[in-house]
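What follows is a set of notes on a single structure, which appears directly below.
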Amino acid sequence: MSITRRGILAVPALAALPAMAEAAAPVRIGCIEPLTGNAGSAGQSIKQGITLVLDIINTPHPDLAPLPLAATSGLPRLGGAKVEVIWADNQGSPAVGQSDALRLITQDHVVALCGAYQSSITLTASAVAERYGIPFVAGESVAANLTQRGYKWFFRTTPYGPDFGKLYLDFLAYVAATGLAVGKIAIVHENTDYGTSVAGSITEAAKARGRTIAQTISYNANGTDVSPQVLALKNGKPDVVIFVSYTSDSILYMKTFHTLGYRPPIVIGDDSGFSDPAFPKAVGNLAQGALNRSAFVPGKPDSITYKINALFKQETGRDLDDTTARAMQGFFVLCDAINRAGATAPDAIRAALAATDLPASRLMTGYKGVKFDSSGQNTLAYSLVIQLQGAAYVPVWPLAEATAKLALPFKGWT
Amino acid sequence: MRASLRRVLIAIAILLAIAPVLTQDAFYQRIAALVVLAAISASAWNVIGGYAGQVSFGHSVYFGIGGYAALLAFTKLGLPPIAGAPLGILASFVLSAIVGLPSFRLRGHYFSMATIAIAALAGLLVTNWGYAGGAIGLMGPATPRSPADLLFRSPLPYYAIFLVVLAILLVLTWWMERSRMGFYLRAIGSGERAAASLGVPIRRYKLYALFISGAFTALAGSLYAVMIGFIDPDSGFGILVSVNMVVMAALGGAGTLFGPLVGAIILVPLEETTNALLGGGGTGAAYVAYGVIIMLIARFSPGGLAQFLPRIAARKSPRAA
Amino acid sequence: MSEALLRVSKLAVHYGDLVGIAEVSFEVEEGAVVALLGANGAGKTTTLNALAGLVRASGGTILWRGERIEERSAHEIVARGIALAPEGWRLFVQQTVEQNLRLGATALAERARLAPLLERVFSLFPRLAERRRQSAGTLSGGERQMLAVGRALMSDPKLLMLDEPSLGLAPSVVDTMYETLGRLSAAGLTLLIAEQSMELALEIADRATVLQTGRTVLSGTAREIAENPDLHRAYLGAAF
Amino acid sequence: MILLQLAADGLLLGAVYALFSSGLTLIWGMMNVINFAHGDFVMLAMYVAFFAFTLLKIGPIFFVPLAAMALFGLGVLVYVALVRHVMRGPMLAQILSTFGLALFLRYAALWAFSANFVSLPDNLVGGVYQLGGIRLSASHLLAGGTALVLTLGMHLVLTRTDLGSRMLAVSEDRVAASLVGIRAERMQALAWGLGAAATGVAGGLIVLFFYVSPEVGNAFTLLAFVTVCLGGFGSVPGALIAGLLIGVIESFSAYWLGPATKDVVVFALFVVLLWVRPQGLLGRA
Amino acid sequence: MLLEARGIVKTFGSFHAVDGADLTLAENELIGLIGPNGAGKSTFFNCLAGEARPTLGKIRFRGADVTALSSAAHAGLGLARTFQVPIVFEGMSVRENVMVGAFLRHPARRRAEEKADEVLEFTGLAAQADMLATALGTAGRKRLGIARALATEPILLLLDEALAGLTSAEMEGAIALVERIHARGITLVVVEHIMEVIHRLTRRVLVFNQGRVIAEGTPAEVTHIPAVIEAYLGRRAQGSPESRAP
């Protein structure tokens, strides 16, 4: 997709921003996240994560050297300017997210935006950024349509729906080769935009390979009982169950599996709920062998990821989850681009973002790199398949990244 | 007394009309546009909820219909979103007739409950309606294809459009207030038994009121979708959408011409600025304050802020023997 | 004569600016039966409601055993020994006969006396004993009246006030009711009976007070009142 | 067998619905005041139970009564400080007041406890029981069973004790109640206390198998409204039957029609019932 | 015959509030409806006004069957009523309250306003026209109730205790008003407790007791009918009172 004409509303980018006046004036970035509302938990975690990234960028962290801007203090090419984040609460509302974006751009004069967790809010907030000619980096929103709008100022570092579908089908093809049946796939998804869009992407990816989904169950995530769904699965006897679920429902599913004595041979959780640190804590002993996707694993003790996780844990008492890590990664990419631009003019930042080419070694997530196509999508975005073994998830596929052996079928509880 | 009151309020309205032009700041201009948008739906609610006293908690249905009509017109027919507004209004008439008539038999809390349930039901149906984007919602044009798409960088054009609609609605309400219809609605809201004894056809007039109220709420929904460029079940049919209309009208004074506008002028900037000042902290402090303010109003001024005005007027009048 | 049990002086009640009663004065002596007479709307019910603490007096005084009680609320008054069987009975129709009676004893300080009081009511009104488990809503008019009186008696009052005990009842039921009231009076209970039906009330009363449009117009012994030619005027207007 | 399993699951959950709805119906029936903060009462009770466990290390035998007591206090406080003043005012003011209360409670909880989902450890009430072919988890059994017993208990308290009889008397006829010496205000405060306490117990039981977050009450408020309307305002047995019915309807419609549509079925039934029989299943006309 | 009600029965559950009542009214009559509390006057009245539908019986107004018509339809036909406890429309001035009634025959605001002013003048409320109706006292509210009903230009006006609770001076004014209304050619049915008023106003009264009309005649006549005296004063009223010796 080519960069489109910006039409009648195109305006020259805001020229003289205060950040340019003094060399060491802080560089302001606006972050729009759900700090309250249904997704408040995720938004708060992202806020903690990005605050950690700020610390890594603004103060020297030589031990994290491969990460962009870690070793130095501030943005070297802007005279060591510190990065500052202006936070905005999107309250889970697309309209509020849009107000946030406008306020951050016109009142706080931020040079770039990031966020906004919910795809719907990323959609409306980035539309404002587009009209104002301010770069917007989405580190965590996965809806496919975000990068199908022909926007010039929108960049997404995270893998999105179609990537996940591809990942699961590749993985299942590998499992099939080991001799396990994977013919009947069931998708169980919560019915807000996250669940619906990811389930749709997986279904499409399956269709692209000439496979069909045997059973699709859509449910409301705030229900207190999931036994009917589990009974329906028990009845349908699928080989693979893919859950696209939030936290409370993921936990309920595992509990209900146990209650009803049902063990599907392969259980895959699509990130979100399965990745919440609360999940292994609450039902780790009932969900042994559950698979999950993640772009982040702490890894070996001396790895960068391990150290970052340790820093995060020190601050929050929790392990870093996938969503937070992807948001942090997006923020790293944005700051790196601003630094490379050597200026805070939006055009310069945009050009630097478009020219981003970060290798996997300089990332904190398991992407194969960061390189944007013309739609702003990171073409090297990638996830790993991880498996709950004991108290924690370990990477099991692709084999090159695996630290533990894939153990199937799903064991659940003992 | 009341005439001079009206003059003051009209002055406020004029001030409101020119206020955003005075500031160059797009964020304040946007707040002004949102105030007017909120005032449209709250004033529309006011026709049935305030004047006729039928406390609907389901007006999000109309708002959602309007919003979806606009973006369906865009995504399915390739029309400019605003072209869907008439369809939304048409659908609101049909819905009013289907849903209003049986619900009007219910009084007080029962009516409110029925409207809540209908709105919740509508939201669920749309969530499960794949054609209309299901839970993912619908997106407006990403970039303007023609001026008719009404995609502007500056909030001012939106403000102007909203203000025209609000002005039409308020003039209509003002005219209604002075005509037989307005008298009948207020009589119904005050006491159905007495109104019926004077020959007021109660259900017919409730339905008329719902037609007007629903149509303008649907229009507000369309305008919302045009400006925001996105609608999903929650932002169209969510219970908070209804509640906001009720709270604004009640705060300013339900059943008064300018009450909902006053409510919007107070609440929208309050929400936006508390979110701007406190929202980044993520503590929810903004809503805590919001909740306390609402409780205080309910406790100490149950008739809304407008209540104080006629109170004074009444106090100054001589008592009849 | 000893000090009156109840002394009402210049009692006035306003509902907003509607006049309930303008100036009502009378006395009730211990052990007496006093009839409060007057046509519809004369202010009998308002007077009793004010005595029971249901409506606040806007003027005048109510002296009960030497204590001013016009400012007291209903639950304090019933605790002091004044009970009212109200107009239209106002039973708790969703509850059983026995529950209604037990509710009548709410103000009773000594719960141990509840059982004997219940027995007294059941012996006065055997019909209620038969229907003690039945819901009050299923009772006939006469039985409802019995229950209303029984409920009032459950607080073991010194003064029992009855508002139109004969209203809407069959004559035989009224006879029984008045017989029972006579027995209660003979047992020493003081009674204040508001009646439209003058004849009935004067049959049982020692003294009577006649109200007209919210004022006391006549007071005296039952015989004096019955023979007073002004009485008809108070009821049926000027044509007499 | 699946049908029995569905029915059993639905009934257990329905019993919990019935319990927190009976709290609402008590308040509603007695005072004709809608409490929009009802779900947030459940949420607070869940937090009380959660913190009682994590901070005081006490189990459900203690934290459920503790939640009940805490909510009792809250109910009385809300009545005395807020509801008492608005209940005779215009309906809009009543609605606004409890709506403001809901916002306040929800976001005060967010402020105090953060937006994070928290839950009790799974093994607190662990284990699975097998009855014939039906498998039921201990936490659901405990919650459903307790809820059933307490809802029935509440019904018995209302119908068989002097206290309950007095409360019903106030709701039937405030004037007559004051005539026999009942202090109506006290009874109404007590009704708020008891209603909230029932909600407190429900919250303490739900937390055994469900997550807590400041937003969790949302789901319960609407459900409680439906249950109360369906059962008839003020009727505890009505709330019980309606709660169980909704539990079972949800369970079966989730299985047959898909879980996303189970609420559609419940709400549609509710709207139609409201149109046809507004007084509810067991309510009086 | 203006109005004819035949065999009206209205039951609530097993309770017969009205138990076979009849009424015929000629043009420009002014009749009184009296009876002790609970006699069924109000229910009968509600049946006539279309607010309650009789369980049995038929009501004809100017020859047309109106038994099943709504109260709004009654008003449209020229059958208006007032309420014992006046319901004023809040937030509206006295004039606006009356205009609600006037709009029935005059959809245009200006004409409705003129009609309202005329009625206000007629009922003596002109001075209070611009006051909020809720600021009126009881007498004013009752008068407003009458004015509102008059504004619908009725042929027949049903007055439900329009004078109860008034001071004697207010009552004089109210009686004069009723007489003026009658003088305009409007037929009136007056439910009243205060016998003095009945004596002064009406030529014909119907006495209700236990859901039936037990007597009919001039006020002077009916007050001498034993059944009426019994209904009012109690049974055996004409017998010698045997009061207990003090």
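As shown in the structure tokens, the chain order sets the letters A, B, ...; within each chain, residues go from 1, and ligands are also counted from 1 in the order they appear.
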When you get a sec, could you note down which chain C residues fall within 7 Å of chain D, using only C-alpha atoms, as a VMD selection string?
chain C and resid 74 to 75 78 to 79 90 92 99 103 to 104 106 to 107
If you run DSSP on the backbone here, which positions in stretch 134-320 of chain A get strand (DSSP E)? Please write them as a VMD selection string.
chain A and resid 136 to 138 154 to 156 185 to 190 215 to 219 240 to 244 266 to 269 291 to 294
Output for the residues just chosen: C-alpha atoms as a PDB file, in the first residue's frame:
ATOM      1  CA  PHE A 136       1.581   7.485  16.205  1.00  0.00           C
ATOM      2  CA  VAL A 137       3.247   4.232  17.257  1.00  0.00           C
ATOM      3  CA  ALA A 138       0.965   1.386  18.304  1.00  0.00           C
ATOM      4  CA  PHE A 154       0.720   5.410  11.806  1.00  0.00           C
ATOM      5  CA  PHE A 155       3.203   2.675  12.712  1.00  0.00           C
ATOM      6  CA  ARG A 156       2.648  -0.621  14.446  1.00  0.00           C
ATOM      7  CA  ILE A 185      -9.970 -27.061  15.743  1.00  0.00           C
ATOM      8  CA  ALA A 186     -12.350 -25.208  18.081  1.00  0.00           C
ATOM      9  CA  ILE A 187     -12.096 -21.486  18.745  1.00  0.00           C
ATOM     10  CA  VAL A 188     -13.589 -20.104  21.938  1.00  0.00           C
ATOM     11  CA  HIS A 189     -13.519 -16.339  21.975  1.00  0.00           C
ATOM     12  CA  GLU A 190     -14.911 -13.549  24.074  1.00  0.00           C
ATOM     13  CA  GLN A 215     -16.472 -25.258  16.287  1.00  0.00           C
ATOM     14  CA  THR A 216     -16.588 -21.558  17.121  1.00  0.00           C
ATOM     15  CA  ILE A 217     -17.974 -20.435  20.457  1.00  0.00           C
ATOM     16  CA  SER A 218     -18.433 -16.738  21.143  1.00  0.00           C
ATOM     17  CA  TYR A 219     -19.199 -15.723  24.727  1.00  0.00           C
ATOM     18  CA  VAL A 240      -7.354 -28.355  19.525  1.00  0.00           C
ATOM     19  CA  VAL A 241      -9.068 -25.647  21.521  1.00  0.00           C
ATOM     20  CA  ILE A 242      -7.889 -22.081  20.949  1.00  0.00           C
ATOM     21  CA  PHE A 243      -9.026 -19.600  23.589  1.00  0.00           C
ATOM     22  CA  VAL A 244      -9.173 -15.895  22.861  1.00  0.00           C
ATOM     23  CA  ILE A 266      -4.244 -29.386  22.871  1.00  0.00           C
ATOM     24  CA  VAL A 267      -5.147 -26.122  24.605  1.00  0.00           C
ATOM     25  CA  ILE A 268      -3.890 -22.855  23.148  1.00  0.00           C
ATOM     26  CA  GLY A 269      -4.541 -19.541  24.845  1.00  0.00           C
ATOM     27  CA  LEU A 291       0.078 -23.295  25.248  1.00  0.00           C
ATOM     28  CA  ASN A 292       0.177 -19.581  24.740  1.00  0.00           C
ATOM     29  CA  ARG A 293       1.689 -17.126  22.366  1.00  0.00           C
ATOM     30  CA  SER A 294       4.024 -14.497  23.587  1.00  0.00           C
TER      31      SER A 294
END
With a distance threshold of 10 Å and counting only C-alpha atoms, extract the residues of chain D near chain B and express them as a PyMOL selection string.
chain D and resi 32-34+81-87+89-115+222+225-226+229+260-276+278-279
Stretch 119-130 of chain C: which residues within 10 Å, counting only C-alpha atoms, same-chain residues fewer than 3 positions away excluded, as number ranges by chain?
C: 97-98, 101, 114-116, 133-134, 136, 139, 142-144, 146-147, 149-154, 176-177, 180-181, 183-184
Residues near E:Arg6, anyone? I mean within 9 Å using only C-alpha atoms, not counting same-chain ones fewer than 6 positions away, as JSON, numbers by chain.
{"E": [20, 21, 22, 23, 24, 57, 58, 59, 60]}
All helix (DSSP H, G or I) residues (DSSP, backbone) inside stretch 3-202 of chain C, as a ChimeraX atom specification:
/C:44-52,74-79,97-104,111-124,126-130,136-138,141-153,171-186,198-202
In Å and to one decimal, atom CA of B:Leu257 is distant from atom CA of B:Thr173 by 6.8 Å
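Pairwise distance (atom CA of A:Arg326, atom CA of A:Glu140) equals 5.7 Å.
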Which residues, written as number ranges by chain, have at least one atom at most 10 Å from D:Gly10, with only C-alpha atoms counted and residues fewer than 2 positions away on the same chain left out?
A: 225, 227-228; D: 4-8, 12-15, 144, 243-252
Neighbour list for stretch 112-122 of chain E as a PyMOL selection string, cut-off 9 Å, only C-alpha atoms, skip fewer than 3 positions in-chain
(chain B and resi 180) or (chain E and resi 94-109+125-129+144+147-148+150-151+177+180-181)
Dump as a PDB file with C-alpha atoms, in the first residue's frame the residues of chain B that approach chain E to within 6 Å, counting only C-alpha atoms.
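Resulting contents of selection.pdb:
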ATOM      1  CA  SER B 179     -47.813  25.128  21.808  1.00  0.00           C
ATOM      2  CA  PHE B 183     -48.650  22.015  27.520  1.00  0.00           C
ATOM      3  CA  ALA B 187     -49.471  18.059  32.034  1.00  0.00           C
ATOM      4  CA  SER B 190     -47.228  16.243  36.217  1.00  0.00           C
ATOM      5  CA  ALA B 196     -56.697  12.773  30.870  1.00  0.00           C
ATOM      6  CA  SER B 197     -59.635  14.455  32.569  1.00  0.00           C
ATOM      7  CA  LEU B 198     -58.950  17.534  30.456  1.00  0.00           C
ATOM      8  CA  GLY B 199     -59.091  15.536  27.256  1.00  0.00           C
ATOM      9  CA  VAL B 200     -55.363  14.944  26.733  1.00  0.00           C
ATOM     10  CA  PRO B 201     -54.840  11.766  24.673  1.00  0.00           C
ATOM     11  CA  ALA B 320     -53.246  33.481  46.694  1.00  0.00           C
TER      12      ALA B 320
END
Can you pull out the residues contacting D:Phe117? Cut-off 7 Å, using only C-alpha atoms, and skip same-chain residues under 5 positions away; I want them as a compact mmCIF listing (two decimals) with all heavy atoms, in the first residue's frame.
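Just written: selection08.txt:
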# COMPACT_ATOMS: atom_id res chain seq x y z
N SER A 41 -6.60 -2.51 34.32
CA SER A 41 -5.51 -3.34 34.80
C SER A 41 -4.37 -3.38 33.78
O SER A 41 -3.20 -3.17 34.11
CB SER A 41 -6.05 -4.74 35.08
OG SER A 41 -5.01 -5.61 35.35
N TYR D 211 -13.33 -13.52 39.92
CA TYR D 211 -12.35 -12.47 40.08
C TYR D 211 -12.92 -11.20 40.67
O TYR D 211 -14.10 -10.93 40.53
CB TYR D 211 -11.80 -12.14 38.69
CG TYR D 211 -10.40 -12.57 38.57
CD1 TYR D 211 -10.05 -13.86 38.87
CD2 TYR D 211 -9.43 -11.67 38.19
CE1 TYR D 211 -8.75 -14.26 38.78
CE2 TYR D 211 -8.13 -12.06 38.10
CZ TYR D 211 -7.78 -13.35 38.39
OH TYR D 211 -6.49 -13.72 38.32
N VAL D 212 -12.09 -10.39 41.30
CA VAL D 212 -12.53 -9.09 41.80
C VAL D 212 -11.80 -8.00 41.03
O VAL D 212 -10.58 -8.08 40.84
CB VAL D 212 -12.19 -8.88 43.28
CG1 VAL D 212 -13.03 -7.75 43.84
CG2 VAL D 212 -12.32 -10.14 44.06
N SER D 213 -12.53 -7.00 40.62
CA SER D 213 -11.93 -5.78 40.11
C SER D 213 -12.96 -4.69 40.34
O SER D 213 -14.13 -4.99 40.57
CB SER D 213 -11.58 -5.90 38.63
OG SER D 213 -12.71 -5.60 37.84
Could you make a table, as CSV, of the residues of chain B that have an atom within 10 Å of an atom of chain A, each with its nearest atom pair and distance in Å to one decimal, counting only C-alpha atoms, in chain and number order?
residue,atom,partner,partner_atom,distance
B:Asp25,CA,A:Thr106,CA,7.1
B:Ala26,CA,A:Thr106,CA,6.5
B:Phe27,CA,A:Arg103,CA,5.3
B:Tyr28,CA,A:Arg103,CA,8.6
B:Arg30,CA,A:Ser99,CA,7.5
B:Ile31,CA,A:Ser99,CA,8.2
B:Leu34,CA,A:Ala95,CA,9.5
B:Leu124,CA,A:Asn220,CA,9.7
B:Thr127,CA,A:Asn191,CA,7.4
B:Asn128,CA,A:Asn191,CA,7.9
B:Gly130,CA,A:Thr196,CA,9.7
B:Gly133,CA,A:Asp193,CA,9.2
B:Gly134,CA,A:Asp193,CA,7.9
B:Ala135,CA,A:Thr192,CA,4.8
B:Ile136,CA,A:Asp193,CA,4.1
B:Gly137,CA,A:Asp193,CA,7.5
B:Leu138,CA,A:Ser120,CA,9.3
B:Met139,CA,A:Leu123,CA,8.3
B:Gly140,CA,A:Thr124,CA,9.6
B:Pro141,CA,A:Arg149,CA,8.5
B:Ala142,CA,A:Arg149,CA,5.8
B:Thr143,CA,A:Gly7,CA,7.4
B:Pro144,CA,A:Gly7,CA,6.9
B:Arg145,CA,A:Gly7,CA,7.8
B:Ser146,CA,A:Ile8,CA,8.6
B:Pro147,CA,A:Ile8,CA,8.5
B:Leu151,CA,A:Leu9,CA,8.1
B:Phe152,CA,A:Leu9,CA,6.7
B:Arg153,CA,A:Arg131,CA,5.6
B:Ser154,CA,A:Arg131,CA,9.0
B:Pro155,CA,A:Leu102,CA,9.9
B:Tyr224,CA,A:Ala95,CA,8.7
B:Ala225,CA,A:Ala95,CA,9.5
B:Met227,CA,A:Ala95,CA,9.1
B:Ile228,CA,A:Ala95,CA,6.1
B:Gly229,CA,A:Thr124,CA,6.6
B:Phe230,CA,A:Thr124,CA,6.7
B:Ile231,CA,A:Pro94,CA,8.2
B:Asp232,CA,A:Ser120,CA,8.2
B:Pro233,CA,A:Thr192,CA,9.0
B:Asp234,CA,A:Ser93,CA,8.4
B:Ser235,CA,A:Ser93,CA,6.9
B:Glu271,CA,A:Val96,CA,9.9
B:Glu272,CA,A:Ser99,CA,8.1
B:Asn275,CA,A:Asp89,CA,7.0
B:Ala276,CA,A:Ala88,CA,7.0
B:Leu277,CA,A:Ala88,CA,9.1
B:Leu278,CA,A:Asp89,CA,8.8
B:Gly279,CA,A:Asp89,CA,5.0
B:Gly280,CA,A:Ala88,CA,4.5
B:Gly281,CA,A:Trp87,CA,7.5
B:Gly282,CA,A:Leu35,CA,4.7
B:Thr283,CA,A:Thr36,CA,7.3
B:Gly284,CA,A:Thr36,CA,6.2
B:Ala285,CA,A:Thr36,CA,9.9
B:Tyr287,CA,A:Thr36,CA,9.6
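Interatomic distance, atom CA of E:His193 against atom CA of C:Gly59: 25.1 Å.
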Taking only C-alpha atoms into account, report as a short mmCIF file (atom, residue, chain, number, x, y, z; two decimals) with C-alpha atoms, in the first residue's frame which residues of chain C lie within 10 Å of chain E.
data_model
loop_
_atom_site.label_atom_id
_atom_site.label_comp_id
_atom_site.auth_asym_id
_atom_site.auth_seq_id
_atom_site.Cartn_x
_atom_site.Cartn_y
_atom_site.Cartn_z
CA HIS C 14 -53.53 22.12 59.22
CA TYR C 15 -52.58 20.06 56.21
CA GLY C 16 -50.50 22.56 54.33
CA ASP C 17 -53.02 25.33 54.21
CA LEU C 18 -56.01 23.05 54.30
CA VAL C 19 -57.78 23.26 57.62
CA GLY C 20 -58.12 19.83 59.22
CA ILE C 21 -59.49 21.03 62.55
CA ALA C 22 -59.65 24.58 63.78
CA ALA C 32 -65.23 6.87 80.80
CA VAL C 33 -66.61 6.26 77.34
CA LEU C 37 -69.65 12.96 66.96
CA GLY C 38 -70.05 14.89 63.77
CA ALA C 39 -70.80 14.57 60.08
CA ASN C 40 -68.32 13.58 57.42
CA GLY C 41 -65.48 16.02 57.25
CA ALA C 42 -66.22 17.53 60.62
CA GLY C 43 -62.74 16.69 61.85
CA GLY C 88 -60.54 1.87 57.38
CA GLU C 164 -65.89 4.80 63.01
CA SER C 166 -69.48 0.73 62.72
CA LEU C 167 -68.61 2.00 59.28
CA GLY C 168 -69.67 -0.26 56.46
CA LEU C 169 -70.57 -3.18 58.72
CA PRO C 171 -76.00 -4.36 61.80
CA GLU C 195 -68.82 7.83 65.21
CA GLN C 196 -70.97 9.16 62.46
CA SER C 197 -73.69 6.90 63.70
CA MET C 198 -74.78 9.02 66.64
CA GLU C 199 -77.36 6.61 67.90
CA LEU C 200 -74.93 3.79 68.42
CA ALA C 201 -72.32 5.95 70.03
CA LEU C 202 -74.71 7.59 72.42
CA GLU C 203 -75.98 4.21 73.51
CA ILE C 204 -72.64 3.37 74.98
CA ALA C 205 -71.15 6.77 75.76
CA ASP C 206 -71.09 8.63 79.07
CA ARG C 207 -70.21 11.91 77.49
CA GLN C 212 -68.75 20.73 63.09
CA THR C 213 -66.33 21.92 60.43
CA GLY C 214 -63.34 21.44 62.67
CA THR C 221 -73.38 14.04 78.84
CA ALA C 222 -74.71 11.60 76.33
CA ARG C 223 -78.29 12.36 77.34
CA GLU C 224 -77.83 16.10 77.04
CA ALA C 226 -78.99 13.28 72.37
CA GLU C 227 -81.74 15.64 73.37
CA LEU C 231 -77.53 18.06 66.90
CA HIS C 232 -79.46 17.48 63.69
CA ARG C 233 -78.27 20.76 62.33
CA ALA C 234 -74.71 19.68 62.85
CA TYR C 235 -75.36 16.63 60.75
CA LEU C 236 -77.85 17.53 58.11
CA GLY C 237 -77.41 21.24 57.68
CA ALA C 238 -79.49 24.32 57.97
CA ALA C 239 -82.79 23.00 56.65
CA PHE C 240 -83.84 21.71 60.03
#
Contact table chain D vs chain A, cut-off 7 Å, shortest pair per residue, only C-alpha atoms, as a Markdown table:
| residue | atom | partner | partner_atom | distance |
| --- | --- | --- | --- | --- |
| D:Leu6 | CA | A:Pro228 | CA | 6.5 |
| D:Ala115 | CA | A:Ser41 | CA | 4.6 |
| D:Asn116 | CA | A:Ser41 | CA | 4.4 |
| D:Phe117 | CA | A:Ser41 | CA | 6.8 |
| D:Pro121 | CA | A:Ala282 | CA | 5.6 |
| D:Asp122 | CA | A:Ala282 | CA | 5.9 |
| D:Val128 | CA | A:Thr259 | CA | 5.7 |
| D:Arg135 | CA | A:Leu260 | CA | 5.6 |
| D:Leu136 | CA | A:Thr259 | CA | 6.0 |
| D:Ser137 | CA | A:Thr259 | CA | 5.3 |
| D:Phe210 | CA | A:Thr224 | CA | 6.8 |
| D:Tyr211 | CA | A:Ser248 | CA | 5.8 |
| D:Glu215 | CA | A:Asn38 | CA | 6.2 |
| D:Ala219 | CA | A:Asn222 | CA | 6.6 |
| D:Ser251 | CA | A:Pro228 | CA | 5.9 |
| D:Ala254 | CA | A:Pro228 | CA | 5.8 |
| D:Tyr255 | CA | A:Pro228 | CA | 4.8 |
| D:Gly258 | CA | A:Ile217 | CA | 6.6 |
| D:Pro259 | CA | A:Tyr219 | CA | 4.7 |
| D:Ala260 | CA | A:Tyr219 | CA | 4.1 |
Next, write the just-selected residues to a file, as a compact mmCIF listing (two decimals), in the first residue's frame, keeping C-alpha atoms as the atom set.
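The result, written out as selection09.txt:
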# COMPACT_ATOMS: atom_id res chain seq x y z
CA LEU D 6 -26.46 -27.87 32.79
CA ALA D 115 -7.62 -1.73 38.57
CA ASN D 116 -5.87 -5.09 38.87
CA PHE D 117 -7.87 -8.26 38.82
CA PRO D 121 -6.33 -19.03 45.52
CA ASP D 122 -8.16 -21.76 43.73
CA VAL D 128 -14.86 -31.63 42.90
CA ARG D 135 -19.63 -33.04 38.57
CA LEU D 136 -19.78 -30.00 40.74
CA SER D 137 -16.96 -27.94 42.16
CA PHE D 210 -14.73 -15.32 40.55
CA TYR D 211 -12.35 -12.47 40.08
CA GLU D 215 -15.61 -2.92 37.49
CA ALA D 219 -22.40 -7.29 35.44
CA SER D 251 -27.19 -22.32 31.29
CA ALA D 254 -25.70 -20.81 26.45
CA TYR D 255 -25.44 -24.45 25.52
CA GLY D 258 -24.37 -20.08 22.12
CA PRO D 259 -23.08 -18.33 25.20
CA ALA D 260 -23.01 -14.91 23.57
